[in-house]
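Enquirer: Got a structure for you, questions after.
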Amino acid sequence: MKRALKAFAVLFALVAAIMLAGVVYLSSHLDEFKHLAITQVEEATGRKLVIGEARMALSLKPEIIIKDVSLENSEWASRPLMVKAEKLAVKINLLALLFREIVFDEILFIAPEIYLETNAQGRGNWIFSEEPADQSTTPAKKENKSSVPVVSIKQLDIKKGQIYYREGATERESSVSIEHFTVQHLPSGDAQTLELEASYLEHPIKVKGKAGRLKSFLGNVPFIMDLAIDTTDIQAQISGKITRPMDFQGLLIDLKLKAETLSSLSWIAGSALPPNGPLAVAGRLSDHKSGYRADNFSVQLGKSDLSGSIEFFTSEARPKIVAKLTSSKIAPADFKRDAPTGMAQKSAENPQAEDQQGDSPYLFSDEPLPLDSLKKIDADISLDAKNIALASIPLQNLHMKLLLKNGLLTIKPLSAEIADGSFTANLIIDAAPEVDKVTAVIHASQVALGKLLKALSGEVYLDGGKTDIDLELSGQGDSARALASSLNGQVFSTVGEGQVNYDLSLAGGNLGVEILKKINPLAEKQKTSRLECMVVRFDIKDGVATTDKGLAFESQALEVLGDGAIDLRTEQVNILLSSKSTVASLLQIKGPLVKPGVNVNPVGVLKKGTSLGVAILTGGLSAAAETVFDRLTAVGSPCEIAQQGLSPKK
């Protein structure tokens with residue numbers, strides 16, 4: 001035991017002597033170490049490193065303090081320096097010198113400024129080598145390189161730093177303030193622990209976990225990561241690896257993100273997002289030779305969800321998205337954007353003024369439709385949703401297939417169940433030619449109209465009313481008004497038996513209820529009436545929808561037959577309805593499409609000589625109501641005439 005203790009004391013004294021000698025050596029050879037650091041950095045980056053005044057604090061772990069450190073930027077960069085720091089403190093491991101290694105136990109940057117940017121082609125200034133390293137290095141050079149000591153860093157700290165980023169293509173700039181950043185190399189493997197406290201756009205950011213070493217990233221060799229990120233109302237987890245990080249290739253990364261609301265991401269998105277939530281996103285990101293892929297992708301926002309796989313192809317002339325998505329529910333409320341605070345306050349203070357300001361005399365807008373975006377990307381997307389709402393219409397078991405190529409958008413088929421019935425639709429939008437073209441074909445079968453109206457308005461206007469709809473439309477133009485003004489096609493709809501509610505309290509500006517109130521002689525006495533059938537049929541040519549006895553309504557208390565025209569170019573309506581009603585044998589609906597007027601027994605009739613107009617003119621407005629109506633319906637009931645286009649007997 002005494003011999004062992006004596007041997008240990010001698011060894012300790014020897015090591016202490018060597019370390020002391022190392023301290024003395026370092027203190028007298030600082031210039032050599034400065035030169036070595038400059039040489040190592042310039043060989044690794046091809047950039048000039050400048051080191052200012054250096055001094056050494058003597059201890060068993062000597063610390064070299066250097067002032068004014070800077071690293072040269074790329075030749076094309078907007079600034080001459082990529083990195084500059086007021087102060088750099090380096091702690092050297094003396095024992096490693098015995099094995100011809102230079103080990104920095106800790107490197108501390110104080111108040112550094114790091115400028116990252118890309119050029120117009122997207123190349124970053126952090127990519128130091130223009131070409132891969134020359135593999136034909138001569139033996140003499142290899143021998144010379146082997147004489148250079150191995151340099152490694154155990155821990156890197158940054159305090160009170162600033163990172164600036166500039167995107168060359170858009171000249172957009174941003175910055176991140178660093179409060180504290182620590183990277184510590186783990187004893188085993190190429191991993192290192194990482195801790196970061198920073199702020200971006202005045203939002204605090206905390207990052208903690210493991211990541212690969214910087215030399216692995218810069219050397220374009222496999223780089224691992226397992227990081228937890230916390231910021232304002234957002235928590236994210238990133239784990240996986242990148243095989244070639246400098247090329248952003250060989251990705252296999254799992255991502256999870258949670259946020260209290262969608263608006264929590266507004267500062268990241270750069271625009272105001274609605275306060276809907278909570279939000280949860282997950283998926284696995286990978287890449288292939290043509291682009292990137294997200295598997296096991298899922299999004300949950302409030303009560304809505306979406307999952308599946310998404311691929312993004314970048315090798316084509318235009319980017320292309322291929323997605324296969326499913327959903328159990330997509331609720332409109334989860335995506336609804338509330339009115340801005342100022343507007344809501346203004347409406348509360350003076351709702352009438354707000355309504356008047358918001359009213360428009362036209363239904364169709366002149367604003368250009370965003371169809372140019374269809375030319376910038378291709379897509380192949382399928383969606384299966386168990387419950388979804390389109391334009392506030394609740395649908396079940398929706399299936400949609402969307403194809404977009406060269407500006408030609410095809411949605412075929414679009415099928416779903418709606419209000420106990422079903423519908424299918426095909427939509428084609430061709431934005432490739434100079435004039436945008438739109439074609440739509442829709443068929444609905446046995447849709448419960450009463451149930452659908454209740455879902456849209458919350459009111460019970462009708463109970464039952466199984467409805468079939470056939471619609472074929474085509475038009476062209478770059479705005480909603482241009483499309484409406486050029487429409488050609490047909491609209492045909494039939495409604496079956498049901499119970500009509502004449503409750504005056506439900507009128508609320510609804511045109512259909514107002515018409516029934518005025519034309520039904522029993523409206524004041526009878527609140528409901530049995531509906532037998534209803535028909536709507538229009539032929540549309542060059543933006544003008546006309547119907548010749550194509551409007552029919554039959555109920556227990558009322559029969560109506562009508563025709564007329566809707567000019568979509570001027571948005572004017574002129575419709576005539578004839579019935580046996582002793583109150584209103586003739587009703588004219590005339591005026592702007594957004595709010596037409598309803599006139600009882602008007603003096604004027606349709607200018608165009610439709611069958612209904614001719615019959616009325618022939619019979620005379622002074623004739624008994626039933627005489628005119630009987631003449632019109634001599635060949636069949638109103639619904640039969642409207643469906644078959646029958647003409648009255650001569």
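Chain labels run A, B, ... following the order of the structure tokens; each chain numbers its residues from 1, and ligands are numbered from 1 in the order shown.
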Considering only helix (DSSP H, G or I) as DSSP defines it on the backbone, what residues of region 391-500 of chain A qualify? List them as number ranges by chain.

Expert: A: 449-457, 480-485

Enquirer: For the residues in the current selection, export N, CA, C and O atoms as a JSON list (two decimals), in the first residue's frame.

Expert:
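Ended up saving to selection28.json:
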[["chain", "number", "residue", "atom", "x", "y", "z"],
["A", 449, "LEU", "N", -85.26, 18.52, -49.09],
["A", 449, "LEU", "CA", -85.09, 19.97, -49.18],
["A", 449, "LEU", "C", -85.37, 20.65, -47.85],
["A", 449, "LEU", "O", -84.67, 21.58, -47.47],
["A", 450, "GLY", "N", -86.40, 20.19, -47.14],
["A", 450, "GLY", "CA", -86.72, 20.81, -45.85],
["A", 450, "GLY", "C", -85.57, 20.68, -44.87],
["A", 450, "GLY", "O", -85.22, 21.62, -44.16],
["A", 451, "LYS", "N", -84.97, 19.50, -44.84],
["A", 451, "LYS", "CA", -83.84, 19.27, -43.93],
["A", 451, "LYS", "C", -82.64, 20.12, -44.33],
["A", 451, "LYS", "O", -81.93, 20.66, -43.47],
["A", 452, "LEU", "N", -82.43, 20.27, -45.63],
["A", 452, "LEU", "CA", -81.31, 21.09, -46.11],
["A", 452, "LEU", "C", -81.52, 22.56, -45.78],
["A", 452, "LEU", "O", -80.59, 23.25, -45.34],
["A", 453, "LEU", "N", -82.74, 23.07, -45.98],
["A", 453, "LEU", "CA", -83.03, 24.47, -45.67],
["A", 453, "LEU", "C", -82.87, 24.75, -44.18],
["A", 453, "LEU", "O", -82.39, 25.81, -43.79],
["A", 454, "LYS", "N", -83.25, 23.79, -43.36],
["A", 454, "LYS", "CA", -83.10, 23.98, -41.92],
["A", 454, "LYS", "C", -81.63, 24.04, -41.54],
["A", 454, "LYS", "O", -81.22, 24.84, -40.69],
["A", 455, "ALA", "N", -80.80, 23.19, -42.18],
["A", 455, "ALA", "CA", -79.37, 23.19, -41.89],
["A", 455, "ALA", "C", -78.72, 24.52, -42.30],
["A", 455, "ALA", "O", -77.80, 25.00, -41.65],
["A", 456, "LEU", "N", -79.23, 25.13, -43.38],
["A", 456, "LEU", "CA", -78.65, 26.38, -43.86],
["A", 456, "LEU", "C", -79.15, 27.60, -43.10],
["A", 456, "LEU", "O", -78.40, 28.53, -42.85],
["A", 457, "SER", "N", -80.44, 27.61, -42.74],
["A", 457, "SER", "CA", -81.03, 28.81, -42.14],
["A", 457, "SER", "C", -81.41, 28.65, -40.68],
["A", 457, "SER", "O", -81.60, 29.64, -39.97],
["A", 480, "ALA", "N", -66.25, 36.58, -61.36],
["A", 480, "ALA", "CA", -67.56, 35.95, -61.19],
["A", 480, "ALA", "C", -68.60, 36.58, -62.11],
["A", 480, "ALA", "O", -69.46, 35.89, -62.67],
["A", 481, "ARG", "N", -68.54, 37.90, -62.30],
["A", 481, "ARG", "CA", -69.50, 38.57, -63.18],
["A", 481, "ARG", "C", -69.30, 38.17, -64.63],
["A", 481, "ARG", "O", -70.26, 37.95, -65.38],
["A", 482, "ALA", "N", -68.02, 38.07, -65.04],
["A", 482, "ALA", "CA", -67.74, 37.67, -66.42],
["A", 482, "ALA", "C", -68.24, 36.26, -66.68],
["A", 482, "ALA", "O", -68.80, 35.97, -67.74],
["A", 483, "LEU", "N", -68.04, 35.37, -65.73],
["A", 483, "LEU", "CA", -68.52, 34.00, -65.88],
["A", 483, "LEU", "C", -70.04, 33.96, -65.97],
["A", 483, "LEU", "O", -70.60, 33.27, -66.84],
["A", 484, "ALA", "N", -70.71, 34.67, -65.07],
["A", 484, "ALA", "CA", -72.18, 34.68, -65.07],
["A", 484, "ALA", "C", -72.73, 35.26, -66.36],
["A", 484, "ALA", "O", -73.74, 34.79, -66.88],
["A", 485, "SER", "N", -72.06, 36.27, -66.87],
["A", 485, "SER", "CA", -72.54, 36.94, -68.09],
["A", 485, "SER", "C", -72.37, 36.09, -69.33],
["A", 485, "SER", "O", -72.97, 36.39, -70.37]]

Enquirer: Could you pull out the residues in region 184-345 of chain A that DSSP calls strand (DSSP E or B) from the backbone, as a ChimeraX atom specification?

Expert: /A:184-185,191-200,203-212,223-231,234-244,249-259,279-288,291-301,304-313,320-327,330

Enquirer: Which residue gives the smallest distance to Ile65 (chain A) among A:Leu81, A:Phe109, A:Val50, A:Gly477, with only C-alpha atoms counted?

Expert: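 Closest candidate: A:Phe109.
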
Enquirer: One number please: CA of Ala282 (chain A) to CA of Lys258 (chain A), in Å, one decimal.

Expert: 8.8 Å

Enquirer: With only C-alpha atoms as the basis for distance, which of A:Glu173, A:Gln643, A:Ser585, A:Ala333 is at the shortest distance from Gly550 (chain A)?

Expert: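 Under the stated criterion, the closest residue is A:Gln643.
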
Enquirer: Between CA of Pro319 (chain A) and CA of Ser373 (chain A), measure the distance and give it in Å to one decimal.

Expert: 12.0 Å

Enquirer: Considering only C-alpha atoms, return as a PyMOL selection string whatever protein or nucleic-acid residues lie within 10 Å of Gly498 (chain A), sequence-local ones (same chain, fewer than 2 positions apart) excluded.

Expert: chain A and resi 448-450+462-466+495-496+500-501+529-533+555

Enquirer: Could you please take those selected residues and save N, CA and C atoms as a PDB file, in the first residue's frame?

Expert:
ATOM      1  N   ALA A 448     -83.590  15.726 -49.152  1.00  0.00           N
ATOM      2  CA  ALA A 448     -84.683  16.270 -48.350  1.00  0.00           C
ATOM      3  C   ALA A 448     -84.518  17.783 -48.263  1.00  0.00           C
ATOM      4  N   LEU A 449     -85.264  18.519 -49.091  1.00  0.00           N
ATOM      5  CA  LEU A 449     -85.093  19.966 -49.183  1.00  0.00           C
ATOM      6  C   LEU A 449     -85.374  20.650 -47.851  1.00  0.00           C
ATOM      7  N   GLY A 450     -86.405  20.192 -47.136  1.00  0.00           N
ATOM      8  CA  GLY A 450     -86.721  20.809 -45.851  1.00  0.00           C
ATOM      9  C   GLY A 450     -85.568  20.677 -44.871  1.00  0.00           C
ATOM     10  N   LEU A 462     -90.003  23.901 -44.543  1.00  0.00           N
ATOM     11  CA  LEU A 462     -90.573  22.767 -45.250  1.00  0.00           C
ATOM     12  C   LEU A 462     -90.198  21.481 -44.513  1.00  0.00           C
ATOM     13  N   ASP A 463     -91.145  20.582 -44.453  1.00  0.00           N
ATOM     14  CA  ASP A 463     -90.886  19.259 -43.898  1.00  0.00           C
ATOM     15  C   ASP A 463     -91.012  18.253 -45.032  1.00  0.00           C
ATOM     16  N   GLY A 464     -89.913  17.541 -45.326  1.00  0.00           N
ATOM     17  CA  GLY A 464     -89.924  16.617 -46.452  1.00  0.00           C
ATOM     18  C   GLY A 464     -89.422  17.300 -47.703  1.00  0.00           C
ATOM     19  N   GLY A 465     -90.084  17.009 -48.828  1.00  0.00           N
ATOM     20  CA  GLY A 465     -89.710  17.639 -50.090  1.00  0.00           C
ATOM     21  C   GLY A 465     -88.497  17.000 -50.734  1.00  0.00           C
ATOM     22  N   LYS A 466     -88.589  15.698 -51.066  1.00  0.00           N
ATOM     23  CA  LYS A 466     -87.483  15.023 -51.731  1.00  0.00           C
ATOM     24  C   LYS A 466     -87.206  15.695 -53.074  1.00  0.00           C
ATOM     25  N   VAL A 495     -89.250  18.938 -56.856  1.00  0.00           N
ATOM     26  CA  VAL A 495     -89.410  18.726 -55.417  1.00  0.00           C
ATOM     27  C   VAL A 495     -90.683  17.912 -55.195  1.00  0.00           C
ATOM     28  N   GLY A 496     -90.565  16.876 -54.388  1.00  0.00           N
ATOM     29  CA  GLY A 496     -91.706  16.002 -54.135  1.00  0.00           C
ATOM     30  C   GLY A 496     -92.533  16.439 -52.935  1.00  0.00           C
ATOM     31  N   VAL A 500     -95.513  22.454 -46.162  1.00  0.00           N
ATOM     32  CA  VAL A 500     -95.042  23.836 -46.231  1.00  0.00           C
ATOM     33  C   VAL A 500     -95.481  24.578 -44.982  1.00  0.00           C
ATOM     34  N   ASN A 501     -94.568  25.358 -44.413  1.00  0.00           N
ATOM     35  CA  ASN A 501     -94.861  26.160 -43.227  1.00  0.00           C
ATOM     36  C   ASN A 501     -95.056  27.613 -43.661  1.00  0.00           C
ATOM     37  N   SER A 529     -99.541  23.795 -45.179  1.00  0.00           N
ATOM     38  CA  SER A 529    -100.279  23.234 -46.303  1.00  0.00           C
ATOM     39  C   SER A 529     -99.449  22.101 -46.893  1.00  0.00           C
ATOM     40  N   ARG A 530    -100.132  21.108 -47.405  1.00  0.00           N
ATOM     41  CA  ARG A 530     -99.403  19.969 -47.954  1.00  0.00           C
ATOM     42  C   ARG A 530     -98.879  20.305 -49.339  1.00  0.00           C
ATOM     43  N   LEU A 531     -97.588  20.123 -49.528  1.00  0.00           N
ATOM     44  CA  LEU A 531     -96.943  20.335 -50.824  1.00  0.00           C
ATOM     45  C   LEU A 531     -97.047  19.053 -51.647  1.00  0.00           C
ATOM     46  N   GLU A 532     -97.538  19.214 -52.893  1.00  0.00           N
ATOM     47  CA  GLU A 532     -97.619  18.076 -53.804  1.00  0.00           C
ATOM     48  C   GLU A 532     -96.357  17.980 -54.655  1.00  0.00           C
ATOM     49  N   CYS A 533     -95.929  19.120 -55.204  1.00  0.00           N
ATOM     50  CA  CYS A 533     -94.731  19.122 -56.050  1.00  0.00           C
ATOM     51  C   CYS A 533     -94.306  20.560 -56.337  1.00  0.00           C
ATOM     52  N   SER A 555     -99.822  22.676 -54.196  1.00  0.00           N
ATOM     53  CA  SER A 555    -100.036  22.287 -52.801  1.00  0.00           C
ATOM     54  C   SER A 555    -101.517  22.057 -52.576  1.00  0.00           C
TER      55      SER A 555
END

Enquirer: With only C-alpha atoms as the basis for distance, which of A:Asn406, A:Glu571, A:Asp542, A:Lys206 is at the shortest distance from Ser365 (chain A)?

Expert: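 Closest to Ser365 (chain A), using only C-alpha atoms: A:Glu571.
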
Enquirer: Mind giving me the straight-line distance from CA of Ser486 (chain A) to CA of Lys595 (chain A) in Å, one decimal?

Expert: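 Separating CA of Ser486 (chain A) from CA of Lys595 (chain A) is a distance of 21.9 Å.
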
Enquirer: Under the rule that only C-alpha atoms are counted, which of A:Thr314, A:Thr546, A:Asn296, A:Ser445 is the nearest residue to Val491 (chain A)?

Expert: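 Ranked by minimum distance to Val491 (chain A), first place goes to A:Thr546.
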
Enquirer: Could you pull the residues within 8 Å of region 421-437 of chain A, counting only C-alpha atoms, minus those fewer than 3 positions along the same chain, as a PyMOL selection string?

Expert: chain A and resi 371-372+374-375+406-418+440-448+474-478

Enquirer: Near Asp226 (chain A), counting only C-alpha atoms, which residues have an atom at most 8 Å away, once you skip same-chain residues fewer than 5 positions from it, shown as a list in words?

Expert: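 Returned residues: Gly209, Lys210, Ala211, Gln237, Ile238, Ser239 and Gly240 of chain A.
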
Enquirer: At a cut-off of 12 Å, using only C-alpha atoms, what residues contact Gln644 (chain A)? Leave out same-chain residues fewer than 6 positions from it and give the result as a ChimeraX atom specification.

Expert: /A:492,494,535-537,548-552,635-638

Enquirer: Those same residues, written as a compact mmCIF listing (two decimals), in the first residue's frame with N, CA and C atoms?

Expert:
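Result went into out34.txt, see below:
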# COMPACT_ATOMS: atom_id res chain seq x y z
N PHE A 492 -82.49 22.18 -63.91
CA PHE A 492 -83.77 21.48 -63.81
C PHE A 492 -83.86 20.84 -62.43
N THR A 494 -86.81 19.19 -59.44
CA THR A 494 -88.16 18.81 -59.04
C THR A 494 -88.16 18.52 -57.54
N VAL A 535 -91.45 22.59 -59.30
CA VAL A 535 -90.52 22.41 -60.42
C VAL A 535 -89.86 23.75 -60.74
N VAL A 536 -88.56 23.70 -61.01
CA VAL A 536 -87.81 24.87 -61.49
C VAL A 536 -87.01 24.42 -62.71
N ARG A 537 -87.25 25.07 -63.84
CA ARG A 537 -86.53 24.72 -65.08
C ARG A 537 -86.12 25.99 -65.81
N ASP A 548 -89.94 28.86 -70.01
CA ASP A 548 -91.26 28.94 -70.63
C ASP A 548 -92.17 27.95 -69.92
N LYS A 549 -92.98 28.48 -68.99
CA LYS A 549 -93.82 27.66 -68.13
C LYS A 549 -92.99 26.60 -67.40
N GLY A 550 -91.82 26.99 -66.93
CA GLY A 550 -90.92 26.06 -66.26
C GLY A 550 -90.90 26.23 -64.76
N LEU A 551 -91.79 27.05 -64.20
CA LEU A 551 -91.87 27.24 -62.76
C LEU A 551 -93.25 26.77 -62.30
N ALA A 552 -93.29 25.80 -61.41
CA ALA A 552 -94.58 25.25 -60.99
C ALA A 552 -94.56 24.96 -59.50
N VAL A 635 -103.70 21.38 -70.58
CA VAL A 635 -103.07 20.14 -71.06
C VAL A 635 -102.45 19.33 -69.94
N GLY A 636 -102.54 19.78 -68.71
CA GLY A 636 -101.95 19.04 -67.60
C GLY A 636 -101.81 19.92 -66.38
N SER A 637 -101.38 19.33 -65.28
CA SER A 637 -101.16 20.09 -64.06
C SER A 637 -99.92 20.97 -64.20
N PRO A 638 -99.78 22.00 -63.35
CA PRO A 638 -98.60 22.87 -63.44
C PRO A 638 -97.28 22.10 -63.42

Enquirer: Tell me, as a list in words, which residues lie within 8 Å of Asn276 (chain A), counting only C-alpha atoms; anything in the same chain fewer than 4 positions away does not count.

Expert: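 Listed by chain and then number, they are Thr261, Leu262, Ser263, Leu301, Gly302, Asp334, Phe335 and Lys336 of chain A.
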